[in-house]
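Student: Dropping the structure in here first, questions after.
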Amino acid sequence: MDQKYINELRQKYIENPPEGMTPKLVRNMTDSDLLDMHYFLTEDDDFDDEEFEEGFYIDLF
């Protein structure tokens, strides 16, 4: 992963930490932990739109 991208993410979350986090905790996170946190905070962003992306989805209803 690009170190510049990781630094930008770290700065973003230091300035506006997720609920339950502090800037100090974000500052001391490993790069891997930071990327994991970012993934889990944004993983559902693709489904915020009304339209679904092309692909395979299982309809449970």
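Residues in the structure tokens are named by chain (A, B, ... in the order shown) and by number from 1 within that chain; ligands are numbered from 1 in the order shown.
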List as a ChimeraX atom specification the protein and nucleic acid residues near Pro17 in chain A, meaning an atom at most 12 Å away when only C-alpha atoms are counted, but skip any in the same chain fewer than 5 places from it.

Tutor: /A:9-12,22-27,34,37-38,41

Student: Please compute the CA of Tyr13 in chain A-CA of Thr42 in chain A distance, one decimal, in Å.

Tutor: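 Atom-to-atom, CA of Tyr13 in chain A to CA of Thr42 in chain A, that is 12.7 Å.
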
Student: How far is it from CA of Glu43 in chain A to CA of Tyr5 in chain A, in Å with one decimal?

Tutor: 17.3 Å

Student: Could you tell me which of A:Gly20, A:Asp44, A:Asp36, A:Asp31 comes closest to Glu8 in chain A if we count only C-alpha atoms?

Tutor: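 Selected residue with least distance to Glu8 in chain A: A:Asp31.
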